[in-house]
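J.: Contents of entry_20.tsv (TSV, C-alpha atoms) are below:
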chain	number	residue	atom	x	y	z
A	1	MET	CA	15.93	-10.64	-11.59
A	2	THR	CA	14.76	-12.06	-14.91
A	3	GLN	CA	11.92	-10.11	-16.50
A	4	LEU	CA	8.90	-12.41	-16.57
A	5	ALA	CA	6.49	-12.48	-19.45
A	6	THR	CA	3.45	-10.24	-19.14
A	7	GLN	CA	1.55	-11.66	-22.12
A	8	VAL	CA	-0.28	-14.97	-21.82
A	9	ALA	CA	1.34	-17.54	-24.14
A	10	PRO	CA	-0.50	-20.04	-26.34
A	11	ASP	CA	-1.61	-23.28	-24.73
A	12	PRO	CA	1.44	-25.39	-23.80
A	13	THR	CA	2.07	-29.02	-24.64
A	14	ALA	CA	4.15	-31.69	-22.96
A	15	ARG	CA	7.12	-30.41	-25.01
A	16	THR	CA	6.86	-26.84	-23.65
A	17	PRO	CA	9.95	-25.90	-21.57
A	18	LEU	CA	9.24	-25.41	-17.88
A	19	ALA	CA	10.36	-21.76	-18.00
A	20	ASP	CA	7.91	-20.94	-20.80
A	21	TYR	CA	5.09	-22.77	-19.07
A	22	LEU	CA	5.64	-21.06	-15.71
A	23	ALA	CA	6.32	-17.50	-16.87
A	24	GLY	CA	4.27	-17.40	-20.04
A	25	PHE	CA	1.22	-19.48	-19.18
A	26	TRP	CA	0.76	-20.45	-15.54
A	27	LEU	CA	1.79	-17.28	-13.65
A	28	PRO	CA	-0.23	-14.78	-15.76
A	29	ARG	CA	-3.36	-16.88	-15.29
A	30	ARG	CA	-2.93	-17.26	-11.55
A	31	LEU	CA	-1.81	-13.74	-10.57
A	32	PRO	CA	-5.25	-12.07	-10.61
A	33	SER	CA	-6.68	-14.51	-8.07
A	34	TRP	CA	-3.93	-14.06	-5.46
A	35	SER	CA	-3.45	-11.51	-2.71
A	36	GLU	CA	-0.61	-9.00	-3.09
A	37	GLY	CA	1.69	-10.94	-0.77
A	38	THR	CA	1.06	-14.22	-2.59
A	39	ARG	CA	1.68	-12.54	-5.94
A	40	ARG	CA	5.07	-11.31	-4.82
A	41	TYR	CA	6.07	-14.65	-3.29
A	42	ARG	CA	4.92	-16.76	-6.24
A	43	THR	CA	6.61	-14.36	-8.68
A	44	TRP	CA	9.86	-14.77	-6.75
A	45	ALA	CA	9.50	-18.56	-6.84
A	46	VAL	CA	8.76	-18.62	-10.57
A	47	THR	CA	11.69	-16.27	-11.26
A	48	THR	CA	13.98	-18.60	-9.31
A	49	LEU	CA	12.73	-21.70	-11.15
A	50	VAL	CA	13.03	-19.95	-14.53
A	51	GLN	CA	16.73	-19.43	-13.77
A	52	SER	CA	17.25	-23.02	-12.57
A	53	SER	CA	18.66	-26.12	-14.26
A	54	LEU	CA	15.08	-27.32	-14.77
A	55	ALA	CA	14.08	-24.31	-16.87
A	56	ALA	CA	14.79	-25.78	-20.32
A	57	ARG	CA	13.30	-29.20	-19.58
A	58	PRO	CA	9.96	-29.97	-21.28
A	59	ILE	CA	7.22	-30.23	-18.65
A	60	GLY	CA	6.26	-33.67	-19.93
A	61	HIS	CA	9.82	-34.99	-19.52
A	62	LEU	CA	10.47	-33.89	-15.94
A	63	THR	CA	11.24	-36.75	-13.56
A	64	VAL	CA	11.19	-37.13	-9.80
A	65	LEU	CA	14.92	-37.83	-9.77
A	66	GLU	CA	15.99	-34.68	-11.63
A	67	ILE	CA	13.70	-32.47	-9.55
A	68	GLU	CA	15.18	-33.95	-6.36
A	69	ARG	CA	18.67	-33.38	-7.75
A	70	TYR	CA	17.84	-29.72	-8.36
A	71	PHE	CA	16.61	-29.23	-4.79
A	72	ALA	CA	19.61	-31.09	-3.37
A	73	GLU	CA	21.91	-28.71	-5.22
A	74	ARG	CA	19.81	-25.67	-4.36
A	75	ALA	CA	19.96	-26.57	-0.64
A	76	ILE	CA	23.78	-26.34	-0.56
A	77	THR	CA	24.15	-23.34	-2.89
A	78	PRO	CA	24.12	-19.90	-1.20
A	79	TRP	CA	21.84	-17.22	-2.57
A	80	GLU	CA	23.80	-14.74	-4.70
A	81	SER	CA	22.02	-11.79	-3.10
A	82	SER	CA	22.88	-12.62	0.53
A	83	GLY	CA	25.48	-15.39	0.54
A	84	ASP	CA	23.27	-17.38	2.92
A	85	LEU	CA	22.16	-20.94	2.38
A	86	PRO	CA	18.46	-21.41	1.61
A	87	LYS	CA	16.21	-22.00	4.60
A	88	GLY	CA	13.75	-24.86	4.68
A	89	GLY	CA	10.87	-22.46	4.10
A	90	SER	CA	12.43	-21.17	0.87
A	91	LEU	CA	12.89	-24.68	-0.50
A	92	LYS	CA	9.34	-25.56	0.48
A	93	GLY	CA	8.03	-22.43	-1.23
A	94	LEU	CA	9.83	-23.32	-4.46
A	95	HIS	CA	8.56	-26.88	-4.31
A	96	ASP	CA	5.00	-25.83	-3.49
A	97	THR	CA	5.01	-23.48	-6.48
A	98	LEU	CA	6.38	-26.11	-8.86
A	99	ARG	CA	3.94	-28.72	-7.60
A	100	ALA	CA	0.95	-26.36	-7.90
A	101	ALA	CA	1.96	-25.35	-11.43
A	102	LEU	CA	2.36	-28.94	-12.58
A	103	ASN	CA	-0.91	-29.92	-10.90
A	104	ASP	CA	-2.57	-27.40	-13.20
A	105	ALA	CA	-0.71	-28.87	-16.16
A	106	VAL	CA	-2.21	-32.27	-15.30
A	107	ARG	CA	-5.66	-30.75	-14.81
A	108	TYR	CA	-5.50	-29.05	-18.20
A	109	GLY	CA	-4.35	-32.27	-19.84
A	110	PHE	CA	-0.91	-31.03	-20.89
A	111	ILE	CA	0.89	-33.82	-18.99
A	112	PRO	CA	-0.42	-37.11	-17.56
A	113	ASP	CA	1.34	-37.02	-14.21
A	114	ASN	CA	2.95	-34.58	-11.75
A	115	PRO	CA	6.42	-35.77	-10.70
A	116	ALA	CA	6.80	-32.91	-8.21
A	117	SER	CA	4.06	-34.46	-6.06
A	118	ARG	CA	6.39	-37.37	-5.22
A	119	VAL	CA	9.52	-35.33	-4.56
A	120	GLU	CA	11.17	-35.51	-1.13
A	121	LEU	CA	12.97	-32.31	-0.17
A	122	PRO	CA	16.42	-32.42	1.42
A	123	ARG	CA	16.84	-31.40	5.00
A	124	ALA	CA	17.61	-27.71	5.26
A	125	GLU	CA	18.27	-25.24	8.03
A	126	THR	CA	15.02	-24.27	9.71
A	127	THR	CA	14.25	-21.64	12.32
A	128	SER	CA	11.92	-22.75	15.07
A	129	PRO	CA	9.70	-20.02	16.48
A	130	THR	CA	10.60	-18.58	19.85
A	131	VAL	CA	7.74	-18.54	22.35
A	132	TRP	CA	8.10	-16.38	25.43
A	133	THR	CA	6.45	-17.02	28.77
A	134	ALA	CA	4.01	-14.49	30.19
A	135	GLN	CA	6.76	-13.30	32.55
A	136	GLN	CA	9.13	-12.72	29.63
A	137	VAL	CA	6.51	-10.77	27.68
A	138	GLN	CA	5.88	-8.57	30.71
A	139	ALA	CA	9.61	-8.04	31.24
A	140	PHE	CA	10.06	-7.00	27.62
A	141	LEU	CA	7.16	-4.56	27.66
A	142	LEU	CA	8.53	-3.04	30.86
A	143	SER	CA	11.95	-2.60	29.23
A	144	VAL	CA	10.45	-0.73	26.24
A	145	ARG	CA	7.87	1.33	28.12
A	146	ARG	CA	9.48	4.60	26.95
A	147	SER	CA	9.78	3.48	23.32
A	148	ARG	CA	7.61	4.91	20.59
A	149	TYR	CA	6.86	1.33	19.58
A	150	SER	CA	5.69	0.06	22.98
A	151	THR	CA	1.97	0.25	22.14
A	152	LEU	CA	2.54	-1.63	18.88
A	153	TRP	CA	4.45	-4.37	20.69
A	154	ARG	CA	1.67	-4.65	23.29
A	155	LEU	CA	-0.98	-4.95	20.57
A	156	LEU	CA	0.94	-7.66	18.71
A	157	PHE	CA	1.32	-9.80	21.82
A	158	ALA	CA	-2.30	-9.13	22.83
A	159	THR	CA	-3.90	-10.02	19.49
A	160	GLY	CA	-1.53	-12.16	17.43
A	161	LEU	CA	-1.93	-9.80	14.47
A	162	ARG	CA	0.48	-10.20	11.58
A	163	ARG	CA	2.89	-7.28	11.12
A	164	GLY	CA	1.18	-5.98	7.98
A	165	GLU	CA	-2.25	-6.26	9.60
A	166	ALA	CA	-1.22	-4.15	12.59
A	167	LEU	CA	0.48	-1.53	10.41
A	168	GLY	CA	-2.54	-1.48	8.11
A	169	LEU	CA	-4.89	-0.42	10.92
A	170	GLN	CA	-6.53	2.99	10.61
A	171	TRP	CA	-8.27	4.83	13.42
A	172	GLN	CA	-11.65	4.07	11.85
A	173	ASP	CA	-10.86	0.37	12.47
A	174	VAL	CA	-10.44	0.90	16.21
A	175	ASP	CA	-13.39	1.03	18.62
A	176	LEU	CA	-11.71	2.12	21.85
A	177	GLU	CA	-14.93	2.24	23.84
A	178	GLY	CA	-16.05	-1.21	22.70
A	179	ARG	CA	-12.46	-2.55	22.86
A	180	ARG	CA	-12.55	-3.98	19.35
A	181	ILE	CA	-10.34	-3.66	16.31
A	182	THR	CA	-11.23	-4.74	12.77
A	183	VAL	CA	-8.63	-6.05	10.34
A	184	ARG	CA	-9.51	-4.85	6.84
A	185	ARG	CA	-6.18	-4.32	5.08
A	186	ASN	CA	-2.52	-5.25	5.02
A	187	LEU	CA	0.30	-2.71	4.73
A	188	GLN	CA	3.18	-3.71	2.47
A	189	ALA	CA	6.47	-2.05	1.58
A	190	ASP	CA	9.31	-3.24	-0.63
A	191	SER	CA	12.11	-1.52	1.28
A	192	ARG	CA	13.04	0.57	4.29
A	193	GLU	CA	12.63	3.70	2.18
A	194	GLY	CA	8.96	3.58	1.28
A	195	ASN	CA	7.00	2.09	-1.62
A	196	VAL	CA	4.12	1.71	0.81
A	197	ARG	CA	0.82	0.34	-0.39
A	198	TYR	CA	-2.21	-1.31	1.14
A	199	GLY	CA	-3.66	-4.63	0.05
A	200	PRO	CA	-6.29	-7.05	1.33
A	201	PRO	CA	-5.56	-9.32	4.30
A	202	LYS	CA	-3.85	-12.65	3.65
A	203	SER	CA	-7.05	-14.67	3.20
A	204	ARG	CA	-10.82	-14.27	3.40
A	205	ARG	CA	-10.86	-15.29	7.07
A	206	SER	CA	-8.09	-12.82	7.83
A	207	THR	CA	-10.69	-10.04	7.61
A	208	ARG	CA	-11.98	-10.17	11.17
A	209	THR	CA	-12.92	-8.24	14.30
A	210	ILE	CA	-10.92	-8.89	17.48
A	211	THR	CA	-11.69	-7.93	21.06
A	212	ILE	CA	-8.77	-6.49	23.01
A	213	ASP	CA	-8.20	-6.51	26.74
A	214	ALA	CA	-8.76	-3.42	28.87
A	215	GLY	CA	-5.04	-2.79	29.43
A	216	THR	CA	-4.29	-2.82	25.71
A	217	ALA	CA	-7.24	-0.50	25.08
A	218	GLU	CA	-5.84	1.94	27.64
A	219	GLU	CA	-2.47	1.82	25.89
A	220	LEU	CA	-4.19	2.69	22.61
A	221	VAL	CA	-6.05	5.60	24.25
A	222	ARG	CA	-2.74	7.03	25.47
A	223	TRP	CA	-1.18	6.46	22.05
A	224	ARG	CA	-4.06	8.23	20.31
A	225	LYS	CA	-3.64	11.28	22.60
A	226	LEU	CA	0.05	11.41	21.66
A	227	ARG	CA	-0.77	11.10	17.96
A	228	GLN	CA	-3.37	13.88	18.26
A	229	THR	CA	-0.76	16.16	19.86
A	230	GLU	CA	1.74	15.32	17.10
A	231	HIS	CA	-0.91	15.89	14.44
A	232	ALA	CA	-1.73	19.35	15.82
A	233	ALA	CA	1.97	20.25	15.95
A	234	PHE	CA	2.46	19.03	12.38
A	235	LEU	CA	-0.45	21.17	11.14
A	236	ALA	CA	0.81	24.23	13.00
A	237	ASP	CA	4.24	23.85	11.43
A	238	LEU	CA	2.67	23.32	8.00
A	239	GLU	CA	0.60	26.51	8.35
A	240	ARG	CA	3.72	28.49	9.29
A	241	ARG	CA	5.55	27.22	6.22
A	242	LEU	CA	2.59	27.93	3.93
A	243	VAL	CA	2.40	31.56	4.98
A	244	GLY	CA	5.41	32.38	2.81
A	245	TYR	CA	3.62	31.03	-0.26
A	246	ARG	CA	0.29	32.75	0.37
A	247	THR	CA	-0.95	35.34	-2.12
A	248	PRO	CA	-1.31	38.71	-0.32
A	249	GLY	CA	-4.84	39.03	1.03
A	250	ALA	CA	-5.66	35.35	0.45
A	251	ARG	CA	-6.79	33.14	3.32
A	252	LEU	CA	-5.38	29.68	3.88
A	253	PRO	CA	-7.94	26.85	3.85
A	254	ALA	CA	-8.79	25.47	7.26
A	255	LEU	CA	-6.90	22.25	7.96
A	256	PRO	CA	-8.64	19.37	9.83
A	257	GLN	CA	-7.52	19.51	13.44
A	258	ASP	CA	-8.62	15.99	14.41
A	259	LEU	CA	-6.83	12.85	13.32
A	260	PRO	CA	-8.47	11.76	10.04
A	261	PRO	CA	-10.36	8.45	10.36
A	262	ASP	CA	-8.23	6.95	7.59
A	263	SER	CA	-4.90	7.93	9.14
A	264	PRO	CA	-2.68	5.00	10.19
A	265	VAL	CA	-2.82	4.03	13.84
A	266	PHE	CA	0.92	3.39	13.95
A	267	ALA	CA	2.61	6.35	12.32
A	268	ALA	CA	5.60	8.65	12.47
A	269	PRO	CA	5.11	12.14	13.98
A	270	ASP	CA	4.33	13.51	10.50
A	271	GLY	CA	1.54	10.96	10.06
A	272	SER	CA	3.30	8.70	7.56
A	273	PRO	CA	2.91	4.98	8.28
A	274	MET	CA	5.61	3.05	10.08
A	275	LEU	CA	7.55	0.93	7.57
A	276	PRO	CA	7.38	-2.85	8.06
A	277	ALA	CA	11.13	-3.46	7.71
A	278	THR	CA	11.96	-0.62	10.12
A	279	VAL	CA	9.49	-2.01	12.65
A	280	SER	CA	11.12	-5.47	12.46
A	281	ASP	CA	14.61	-3.98	12.77
A	282	THR	CA	13.58	-1.97	15.83
A	283	PHE	CA	11.97	-4.99	17.48
A	284	ARG	CA	15.13	-7.04	16.95
A	285	ARG	CA	17.31	-4.34	18.52
A	286	GLN	CA	15.03	-3.85	21.50
A	287	VAL	CA	14.82	-7.60	22.16
A	288	ALA	CA	18.62	-7.81	22.10
A	289	LYS	CA	18.87	-4.88	24.50
A	290	SER	CA	16.35	-6.47	26.88
A	291	GLY	CA	18.54	-9.53	27.45
A	292	LEU	CA	15.64	-11.89	26.73
A	293	PRO	CA	15.90	-14.89	24.36
A	294	PRO	CA	16.17	-13.76	20.71
A	295	MET	CA	12.81	-13.46	19.00
A	296	ARG	CA	11.58	-12.44	15.56
A	297	LEU	CA	8.68	-10.02	15.35
A	298	HIS	CA	6.44	-12.77	13.90
A	299	ASP	CA	7.13	-14.84	17.02
A	300	ALA	CA	4.93	-12.43	18.98
A	301	ARG	CA	2.07	-13.97	16.98
A	302	HIS	CA	3.31	-17.48	17.79
A	303	THR	CA	3.53	-16.54	21.47
A	304	HIS	CA	-0.05	-15.23	21.48
A	305	ILE	CA	-1.51	-18.31	19.79
A	306	THR	CA	0.55	-20.76	21.86
A	307	HIS	CA	-0.52	-19.05	25.09
A	308	LEU	CA	-4.20	-19.39	24.15
A	309	LEU	CA	-3.91	-23.05	23.18
A	310	ARG	CA	-2.01	-23.97	26.33
A	311	ALA	CA	-4.66	-22.19	28.38
A	312	GLY	CA	-7.28	-24.51	26.88
A	313	GLU	CA	-8.98	-22.04	24.52
A	314	PRO	CA	-11.08	-23.95	21.92
A	315	ILE	CA	-9.15	-24.31	18.70
A	316	GLN	CA	-11.94	-22.83	16.58
A	317	ASN	CA	-11.80	-19.64	18.69
A	318	VAL	CA	-8.02	-19.42	18.34
A	319	SER	CA	-8.25	-20.03	14.59
A	320	ALA	CA	-10.81	-17.26	14.14
A	321	ARG	CA	-8.76	-14.81	16.21
A	322	ALA	CA	-5.57	-15.66	14.31
A	323	GLY	CA	-7.27	-15.24	10.95
A	324	HIS	CA	-6.22	-18.70	9.79
A	325	GLY	CA	-7.84	-20.09	6.66
A	326	SER	CA	-9.32	-22.93	8.71
A	327	SER	CA	-9.09	-24.63	12.10
A	328	PHE	CA	-7.12	-27.36	10.33
A	329	THR	CA	-4.35	-24.82	9.65
A	330	THR	CA	-4.17	-23.98	13.35
A	331	LEU	CA	-4.24	-27.63	14.31
A	332	THR	CA	-1.42	-28.67	11.99
A	333	THR	CA	0.76	-25.62	12.71
A	334	TYR	CA	0.43	-25.85	16.49
A	335	ALA	CA	-0.03	-29.61	16.97
A	336	HIS	CA	3.14	-29.69	19.06
A	337	VAL	CA	1.60	-27.22	21.50
A	338	ILE	CA	-1.57	-29.24	21.90
A	339	ALA	CA	0.43	-32.47	22.21
A	340	GLY	CA	2.34	-30.87	25.07
A	341	ASP	CA	-0.79	-31.17	27.21
A	342	ASP	CA	-0.88	-34.95	26.81
A	343	GLU	CA	-0.28	-35.55	30.52
A	344	ARG	CA	-3.49	-33.70	31.36
A	345	THR	CA	-5.28	-35.69	28.67
A	346	ALA	CA	-4.00	-38.96	30.12
A	347	THR	CA	-5.28	-37.97	33.56
A	348	ARG	CA	-8.73	-37.32	32.12
A	349	ALA	CA	-8.66	-40.63	30.26
A	350	ALA	CA	-7.98	-42.41	33.56
A	351	GLY	CA	-11.51	-41.47	34.57
A	352	LEU	CA	-12.64	-44.47	32.55
A	353	PHE	CA	-11.30	-46.76	35.24
A	354	GLY	CA	-12.41	-45.02	38.41
A	355	ASP	CA	-8.88	-45.09	39.86
What does the file become when written as structure tokens?

T.:
Amino acid sequence: MTQLATQVAPDPTARTPLADYLAGFWLPRRLPSWSEGTRRYRTWAVTTLVQSSLAARPIGHLTVLEIERYFAERAITPWESSGDLPKGGSLKGLHDTLRAALNDAVRYGFIPDNPASRVELPRAETTSPTVWTAQQVQAFLLSVRRSRYSTLWRLLFATGLRRGEALGLQWQDVDLEGRRITVRRNLQADSREGNVRYGPPKSRRSTRTITIDAGTAEELVRWRKLRQTEHAAFLADLERRLVGYRTPGARLPALPQDLPPDSPVFAAPDGSPMLPATVSDTFRRQVAKSGLPPMRLHDARHTHITHLLRAGEPIQNVSARAGHGSSFTTLTTYAHVIAGDDERTATRAAGLFGD
């Protein structure tokens, strides 16, 4: 990956190459205002554009045609890292980043017009979300009832939490008696080997409190008892190993026997947080073993939201529960679900005629 500039460059002009504008001016100014996930995604997009055929072009000379030519070529060129063709979401992310950057260039007066705003992206391979029926969700949870991850899967289907939100939960965020959980942070990891860190939720509205059903609360109670047993066993083993390092006559400090309030809800037996990539890999394997239609982990969120909308839950309630930036986001993302109830709507409209 190309090393991006860390120093803010002087003010660009229309003759500034796109690469210099993106990496030296636009990205450094925008990074502080973004969440951790957005920073990583936008940095990837800028890195990709800096390495593209558009990189040397002055921002004031870019045309709609040459931008469309770049995306047409990008759509049929496999990624070097994986050998796979770009998905529609990747092309859209690159285009959104370029358009946003050039919008700022117009706003600052560097260029008079943004050609990226009129670009039409080529068709690319897209992956439609899989939505399970209630019967399929129940069959899956039954098939994984002995898995260490079963409580996590139940919570994801029951709340529609994003993966990082669920893995970012700490026991102080869970009110088992009141059956509420509060989303305050997002767990992120760069690999399957660690590099774990916590950041804020995706957006301001993603910080929220969600009520859970009684069955899910009971699952969490059982999970907490298991974690408490594992925590006690871990401390006992730690004390045994520390004895060999104790100065003769010295007493070991008392270790907290209860689960610390800031310990992760979903953790390994030693208390370390479950890694996002490992969680997704495990979900994929267990879905395949269940014999149910293939599903990504994020599709548990789609299943939760779709189920609520089809049941007639008001869209503002669904939006708040999902942590969407606005009800408009929910409406546009799930318009196909709402449109699927058009027969019921037509029946109601017939009331105008008294038939």

J.: I'd like the contact shell of Gly178 (chain A) - 10 Å cut-off, all atoms listed in the file, skipping same-chain residues fewer than 5 positions apart - returned as an MDAnalysis selection string.

T.: chainID A and resid 211:212 214 217

J.: Take the residues just selected and output them with C-alpha atoms as a short mmCIF file (atom, residue, chain, number, x, y, z; two decimals), in the coordinates of the input.

T.:
data_model
loop_
_atom_site.label_atom_id
_atom_site.label_comp_id
_atom_site.auth_asym_id
_atom_site.auth_seq_id
_atom_site.Cartn_x
_atom_site.Cartn_y
_atom_site.Cartn_z
CA THR A 211 -11.69 -7.93 21.06
CA ILE A 212 -8.77 -6.49 23.01
CA ALA A 214 -8.76 -3.42 28.87
CA ALA A 217 -7.24 -0.50 25.08
#

J.: Between CA of Gln286 (chain A) and CA of Ser150 (chain A), what is the distance, to one decimal in Å?

T.: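 CA of Ser150 (chain A) lies at a distance of 10.2 Å from CA of Gln286 (chain A).
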
J.: Quote the spacing between CA of Gly93 (chain A) and CA of Leu31 (chain A) in Å to one decimal place.

T.: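 Interatomic distance, CA of Gly93 (chain A) to CA of Leu31 (chain A): 16.1 Å.
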
J.: Given the choices A:Arg204, A:Ile181, A:Glu68, A:Thr13, which gets closest to Thr159 (chain A) if the distance is worked out from only C-alpha atoms?

T.: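 Among A:Arg204, A:Ile181, A:Glu68, A:Thr13, it is A:Ile181 that comes nearest to Thr159 (chain A).
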
J.: Between A:Thr97, A:Ser117, A:Gln135, A:Gln51, single out the one closest to His307 (chain A), counting only C-alpha atoms.

T.: A:Gln135

J.: Write out as a compact mmCIF listing (two decimals) with C-alpha atoms, in the frame of the given file the residues lying within 10 Å of Phe234 (chain A), counting all atoms listed in the file and excluding same-chain residues fewer than 5 positions away.

T.:
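Written output follows (part03.txt):
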# COMPACT_ATOMS: atom_id res chain seq x y z
CA GLN A 228 -3.37 13.88 18.26
CA THR A 229 -0.76 16.16 19.86
CA GLU A 239 0.60 26.51 8.35
CA PRO A 269 5.11 12.14 13.98
CA ASP A 270 4.33 13.51 10.50
CA GLY A 271 1.54 10.96 10.06

J.: Please, what is the axis-aligned box for every listed atom of region 80-86 of chain A with 8 Å on each side, as centre and edge lengths in Å to one decimal, as AutoDock Vina command-line options?

T.:
--center_x 22.0 --center_y -16.6 --center_z -0.9 --size_x 23.0 --size_y 25.6 --size_z 23.6

J.: Measuring atom to atom with all atoms listed in the file, identify which of A:Met274, A:Gly60, A:Glu80, A:Trp171 is nearest to Arg197 (chain A).

T.: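 With all atoms listed in the file as the atom set, the closest residue is A:Met274.
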
J.: Using Å and a single decimal, report how far CA of Ala14 (chain A) sits from CA of Ile111 (chain A).

T.: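 Between these atoms lies a distance of 5.6 Å.
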
J.: For Leu102 (chain A), please output as JSON, numbers by chain all residues within 10 Å (counting only C-alpha atoms; exclusion window: fewer than 6 positions along the same chain).

T.: {"A": [18, 21, 22, 26, 59, 60, 96, 108, 110, 111, 112, 113, 114, 115, 116, 117]}

J.: Please identify all polymer residues within 9 Å of Leu141 (chain A), counting all atoms listed in the file, omitting same-chain residues fewer than 5 positions from it, and present them as a ChimeraX atom specification.

T.: /A:136,150-151,153-154

J.: Can you work out which one of A:Glu120, A:Glu66, A:Glu36, A:Asp84 has the shortest atom-to-atom distance to Ser203 (chain A), counting all atoms listed in the file?

T.: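 Of A:Glu120, A:Glu66, A:Glu36, A:Asp84, the one nearest Ser203 (chain A), counting all atoms listed in the file, is A:Glu36.
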
J.: Could you give me, as a ChimeraX atom specification, the residues within 10 Å of Thr48 (chain A), counting all atoms listed in the file and dropping anything in the same chain fewer than 3 positions from it?

T.: /A:1-2,19,42-45,51-52,55,94

J.: With distances taken over only C-alpha atoms, which residue among A:Pro314, A:Pro201, A:Pro86, A:Gly37 lies nearest Arg123 (chain A)?

T.: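 The shortest atom-to-atom distance to Arg123 (chain A) comes from A:Pro86.
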